[in-house]
Amino acid sequence: MNKPRKLLEGGQLVSVIAVSLIAAVLIIGLSLKKKPEVVVMNATAEQVLQVDAPADEIQVDGICTEIKSVFHQPGRLEVITDSGLFALLRDSVGWSEPMPVDIDVQALKLNYILYERDRVIIGGDSLLVAAKDYLEIYSENDFGSPVNVILKFREGFLVGANTGLYYYNEDGVNTILKGDMLVTALAEDVGGLWVGTFGDGLWRYDGDRWQRRYLFRDNSIFDFVTALAYNYPFLWVGTPSGIFRYDGGRWNQLLLSDSSEVYEVNCFLPQMLKTYIGTEQGLFVYANDSLKMVPEFEDEQIVSLFRDGENILVATRFSGIFKLKGKEEILRPEHLSVSRWDLAERE
């Protein structure tokens, strides 16, 4: 009977083992050589590219910076982002680089800032009266819901919250003027007060009674008000479905020539002979009974508009802040970026 044949002779076995060991070492060596490159590429892609994010929202070496709100006093801008509050100062040369303000935006749920000579009024989870440098809190007032808008009114402030409209005086006493509505915008005219809400319509208060305002052709068109501004003799009303102007007797909806397209309004800047309107679709100007798009800002999401000295400033959600004339850049979004490592250190 033939003996079973050995699959490998001793010498062959040693050779195969040696070859296998050499192959294993080469594979491991190549793997170790390539691995750091792959890790770096993945890390870079995670930081720079955001899936499904539009190109103008992509932030280099940081987190996508969205400008939530911008507040203005002469020579100073304060910009709210998810990563914090930043201040820019203007001098004879121009605007400074943004400087972080030592205030916890996330904790306060900061929505609104109103400036006075030596203090600031802050709207967030509550109403805070603070020193101008934010380092000292003078008083805190809780309205049971977030504060969305603040308006200087007589000897105190009107406070629009999710639970209604309040009057806050210097003695710290809160008086509810109208409850059960989410207030989004306020404007004072010659004889009264206009109040815009989220879902509860547009109201006017003349000091004695409240009246809800609407159009007969569509009594729900002012249900959601996103912006209000008054500049005698016109009231400007912004909604998600269009731009409206009221002259005290008649309402007009403003449209581009030969167009029925509507625009989501964020803000107004009335001037003597023209009014600028910031929307989610771009910047418009109304002058000589005509509404026109400002071409340089078409398709930009306009957050805020201000007059600063001789200049009009345009704040966009993702592209930065500019002077209107020539679209001269004041602030680039990456100036407001905070790296993931900085955020981790803050936490």
# chains A, B, ... in the order shown; residues from 1 in each chain; ligands from 1
>>> closest_atom_pairs(of="segment 258-343 of chain A", to="segment 231-244 of chain A", cutoff="7 Å", atoms="only C-alpha atoms", output="CSV")
residue,atom,partner,partner_atom,distance
A:Val262,CA,A:Gly242,CA,4.9
A:Tyr263,CA,A:Gly242,CA,5.0
A:Glu264,CA,A:Pro240,CA,4.1
A:Val265,CA,A:Gly238,CA,4.9
A:Asn266,CA,A:Gly238,CA,7.0
A:Pro270,CA,A:Asn231,CA,6.3
>>> write_last_selection(atoms="C-alpha atoms", output="JSON list (two decimals), in the first residue's frame")
[["chain", "number", "residue", "atom", "x", "y", "z"],
["A", 262, "VAL", "CA", -43.72, 86.68, -3.42],
["A", 263, "TYR", "CA", -40.74, 87.05, -1.09],
["A", 264, "GLU", "CA", -40.08, 86.05, 2.52],
["A", 265, "VAL", "CA", -39.30, 89.30, 4.33],
["A", 266, "ASN", "CA", -36.75, 89.54, 7.15],
["A", 270, "PRO", "CA", -36.97, 102.97, 5.33]]
>>> closest_atom_pairs(of="segment 51-145 of chain A", to="segment 151-168 of chain A", cutoff="12 Å", atoms="only C-alpha atoms", output="Markdown table")
| residue | atom | partner | partner_atom | distance |
| --- | --- | --- | --- | --- |
| A:Asn111 | CA | A:Ala161 | CA | 10.6 |
| A:Tyr112 | CA | A:Leu151 | CA | 10.2 |
| A:Ile113 | CA | A:Leu151 | CA | 10.0 |
| A:Leu114 | CA | A:Leu151 | CA | 7.7 |
| A:Tyr115 | CA | A:Lys152 | CA | 9.6 |
| A:Glu116 | CA | A:Lys152 | CA | 9.4 |
| A:Val120 | CA | A:Lys152 | CA | 11.7 |
| A:Ile121 | CA | A:Phe157 | CA | 9.3 |
| A:Ile122 | CA | A:Val159 | CA | 10.6 |
| A:Gly123 | CA | A:Val159 | CA | 8.5 |
| A:Gly124 | CA | A:Ala161 | CA | 9.4 |
| A:Asp125 | CA | A:Ala161 | CA | 9.5 |
| A:Ser126 | CA | A:Ala161 | CA | 9.2 |
| A:Leu127 | CA | A:Val159 | CA | 8.4 |
| A:Leu128 | CA | A:Tyr168 | CA | 11.4 |
| A:Val129 | CA | A:Phe157 | CA | 11.2 |
| A:Ser139 | CA | A:Tyr168 | CA | 11.8 |
| A:Glu140 | CA | A:Tyr168 | CA | 11.3 |
| A:Asn141 | CA | A:Tyr168 | CA | 9.0 |
| A:Asp142 | CA | A:Ala161 | CA | 10.2 |
| A:Phe143 | CA | A:Ala161 | CA | 7.3 |
| A:Gly144 | CA | A:Thr163 | CA | 7.3 |
| A:Ser145 | CA | A:Asn162 | CA | 5.6 |
>>> write_last_selection(atoms="N, CA and C atoms", output="compact mmCIF listing (two decimals), in the first residue's frame")
# COMPACT_ATOMS: atom_id res chain seq x y z
N ASN A 111 -31.66 86.38 21.65
CA ASN A 111 -32.49 86.71 20.50
C ASN A 111 -32.40 88.17 20.08
N TYR A 112 -32.21 89.05 21.06
CA TYR A 112 -32.37 90.48 20.75
C TYR A 112 -31.48 91.31 21.68
N ILE A 113 -30.97 92.43 21.13
CA ILE A 113 -30.16 93.36 21.91
C ILE A 113 -30.66 94.78 21.62
N LEU A 114 -30.95 95.52 22.67
CA LEU A 114 -31.33 96.93 22.55
C LEU A 114 -30.30 97.76 23.32
N TYR A 115 -29.74 98.77 22.67
CA TYR A 115 -28.67 99.56 23.27
C TYR A 115 -29.23 100.84 23.87
N GLU A 116 -28.72 101.17 25.07
CA GLU A 116 -28.92 102.47 25.65
C GLU A 116 -27.55 103.08 25.93
N VAL A 120 -27.14 97.72 28.16
CA VAL A 120 -27.81 96.98 27.08
C VAL A 120 -28.98 96.21 27.67
N ILE A 121 -30.03 96.08 26.87
CA ILE A 121 -31.19 95.29 27.26
C ILE A 121 -31.15 94.03 26.39
N ILE A 122 -31.09 92.88 27.02
CA ILE A 122 -30.87 91.63 26.32
C ILE A 122 -32.12 90.76 26.39
N GLY A 123 -32.57 90.29 25.24
CA GLY A 123 -33.71 89.39 25.19
C GLY A 123 -33.25 87.98 24.87
N GLY A 124 -33.65 87.04 25.72
CA GLY A 124 -33.33 85.63 25.51
C GLY A 124 -34.34 84.79 26.25
N ASP A 125 -33.87 83.86 27.08
CA ASP A 125 -34.79 83.11 27.93
C ASP A 125 -35.51 84.03 28.90
N SER A 126 -34.87 85.15 29.21
CA SER A 126 -35.47 86.17 30.07
C SER A 126 -35.02 87.53 29.55
N LEU A 127 -35.41 88.58 30.26
CA LEU A 127 -34.98 89.94 29.92
C LEU A 127 -33.90 90.36 30.90
N LEU A 128 -32.71 90.66 30.38
CA LEU A 128 -31.60 91.08 31.22
C LEU A 128 -31.26 92.54 30.96
N VAL A 129 -31.02 93.30 32.02
CA VAL A 129 -30.49 94.65 31.92
C VAL A 129 -29.05 94.57 32.39
N SER A 139 -30.30 93.55 36.39
CA SER A 139 -31.58 92.93 36.76
C SER A 139 -31.95 91.86 35.75
N GLU A 140 -32.79 90.93 36.19
CA GLU A 140 -33.28 89.86 35.32
C GLU A 140 -34.78 89.71 35.53
N ASN A 141 -35.50 89.59 34.44
CA ASN A 141 -36.96 89.50 34.50
C ASN A 141 -37.45 88.34 33.65
N ASP A 142 -38.24 87.48 34.26
CA ASP A 142 -38.71 86.27 33.60
C ASP A 142 -40.16 86.45 33.16
N PHE A 143 -40.40 86.20 31.86
CA PHE A 143 -41.75 86.31 31.32
C PHE A 143 -42.36 84.94 31.05
N GLY A 144 -41.69 83.90 31.51
CA GLY A 144 -42.22 82.56 31.34
C GLY A 144 -42.02 81.98 29.96
N SER A 145 -41.30 82.70 29.10
CA SER A 145 -41.04 82.22 27.74
C SER A 145 -39.94 83.10 27.14
>>> closest_residue(among="A:Ser83, A:Ala229, A:Arg317, A:Leu255", to="Thr275 of chain A", atoms="only C-alpha atoms")
A:Ala229
>>> closest_residue(among="A:Ile312, A:Leu273, A:Val183, A:Leu202", to="Asn288 of chain A", atoms="only C-alpha atoms")
A:Leu273
>>> atom_distance(atom1="atom CA of Gly172 of chain A", atom2="atom CA of Leu108 of chain A")
19.5 Å
>>> closest_residue(among="A:Lys292, A:Leu305, A:Gly196, A:Leu336", to="Phe322 of chain A", atoms="only C-alpha atoms")
A:Leu305
>>> residues_around(residues="segment 328-334 of chain A", least_positions_apart="5", cutoff="7 Å", atoms="only C-alpha atoms", output="ChimeraX atom specification")
/A:59,65,95,318-323
>>> write_last_selection(atoms="N, CA and C atoms", output="PDB file, in the first residue's frame")
ATOM      1  N   GLN A  59     -17.608  75.979   5.400  1.00  0.00           N
ATOM      2  CA  GLN A  59     -16.632  76.789   6.094  1.00  0.00           C
ATOM      3  C   GLN A  59     -15.310  76.061   6.133  1.00  0.00           C
ATOM      4  N   THR A  65     -20.564  78.727   9.544  1.00  0.00           N
ATOM      5  CA  THR A  65     -20.976  79.878  10.339  1.00  0.00           C
ATOM      6  C   THR A  65     -22.202  80.529   9.722  1.00  0.00           C
ATOM      7  N   TRP A  95     -13.530  99.149   9.561  1.00  0.00           N
ATOM      8  CA  TRP A  95     -14.075  98.231  10.556  1.00  0.00           C
ATOM      9  C   TRP A  95     -12.995  97.281  11.044  1.00  0.00           C
ATOM     10  N   PHE A 318     -25.034  83.904   5.116  1.00  0.00           N
ATOM     11  CA  PHE A 318     -23.877  83.042   4.921  1.00  0.00           C
ATOM     12  C   PHE A 318     -22.695  83.715   4.210  1.00  0.00           C
ATOM     13  N   SER A 319     -22.901  84.875   3.598  1.00  0.00           N
ATOM     14  CA  SER A 319     -21.823  85.487   2.810  1.00  0.00           C
ATOM     15  C   SER A 319     -21.066  86.578   3.551  1.00  0.00           C
ATOM     16  N   GLY A 320     -21.601  87.068   4.673  1.00  0.00           N
ATOM     17  CA  GLY A 320     -20.913  88.100   5.429  1.00  0.00           C
ATOM     18  C   GLY A 320     -21.694  89.403   5.478  1.00  0.00           C
ATOM     19  N   ILE A 321     -20.986  90.482   5.821  1.00  0.00           N
ATOM     20  CA  ILE A 321     -21.590  91.809   5.957  1.00  0.00           C
ATOM     21  C   ILE A 321     -20.873  92.759   4.998  1.00  0.00           C
ATOM     22  N   PHE A 322     -21.662  93.603   4.321  1.00  0.00           N
ATOM     23  CA  PHE A 322     -21.121  94.456   3.270  1.00  0.00           C
ATOM     24  C   PHE A 322     -21.676  95.874   3.395  1.00  0.00           C
ATOM     25  N   LYS A 323     -20.942  96.826   2.820  1.00  0.00           N
ATOM     26  CA  LYS A 323     -21.532  98.122   2.507  1.00  0.00           C
ATOM     27  C   LYS A 323     -22.345  97.950   1.230  1.00  0.00           C
TER      28      LYS A 323
END
>>> residues_around(residues="segment 98-105 of chain A", least_positions_apart="6", cutoff="7 Å", atoms="only C-alpha atoms", output="PDB file with C-alpha atoms, in the first residue's frame")
ATOM      1  CA  GLY A  84     -21.022  83.121  20.098  1.00  0.00           C
ATOM      2  CA  LEU A  85     -21.436  86.888  20.007  1.00  0.00           C
ATOM      3  CA  PHE A  86     -18.866  88.969  18.104  1.00  0.00           C
ATOM      4  CA  ALA A  87     -18.334  92.736  18.103  1.00  0.00           C
ATOM      5  CA  LEU A  88     -16.920  94.902  15.282  1.00  0.00           C
ATOM      6  CA  HIS A 335     -13.794  85.500  10.576  1.00  0.00           C
TER       7      HIS A 335
END
>>> atom_distance(atom1="atom CA of Ala185 of chain A", atom2="atom CA of Phe297 of chain A")
24.3 Å
>>> atom_distance(atom1="atom CA of Glu298 of chain A", atom2="atom CA of Thr316 of chain A")
11.1 Å
>>> select_by_dssp(residues="segment 108-347 of chain A", states="strand (DSSP E or B)", output="PyMOL selection string")
chain A and resi 112-115+119-123+127-131+137-141+147-153+156-161+164-169+174-179+183-188+193-198+202-205+210-213+215+218+224+227-231+234-239+242-246+251-254+265-270+275-279+282-287+290-293+302-308+311-316+321-323+328-331
>>> select_by_dssp(residues="segment 57-281 of chain A", states="alpha helix (DSSP H)", output="ChimeraX atom specification")
/A:105-108
>>> write_last_selection(atoms="C-alpha atoms", output="PDB file, in the first residue's frame")
ATOM      1  CA  VAL A 105     -25.187  82.869  23.665  1.00  0.00           C
ATOM      2  CA  GLN A 106     -26.357  79.266  23.949  1.00  0.00           C
ATOM      3  CA  ALA A 107     -27.171  79.457  27.656  1.00  0.00           C
ATOM      4  CA  LEU A 108     -29.029  82.761  27.300  1.00  0.00           C
TER       5      LEU A 108
END
>>> closest_residue(among="A:Arg212, A:Val314, A:Phe198, A:Gln271", to="Ser69 of chain A", atoms="only C-alpha atoms")
A:Val314
>>> closest_residue(among="A:Pro295, A:Glu170, A:Arg76, A:Met181", to="Gly94 of chain A", atoms="only C-alpha atoms")
A:Arg76
>>> residues_around(residues="Asp289 of chain A", least_positions_apart="3", cutoff="10 Å", atoms="only C-alpha atoms", output="MDAnalysis selection string")
chainID A and resid 254 274 286
>>> closest_residue(among="A:Arg90, A:Lys178, A:Arg209, A:Lys325", to="Gly192 of chain A", atoms="only C-alpha atoms")
A:Arg209
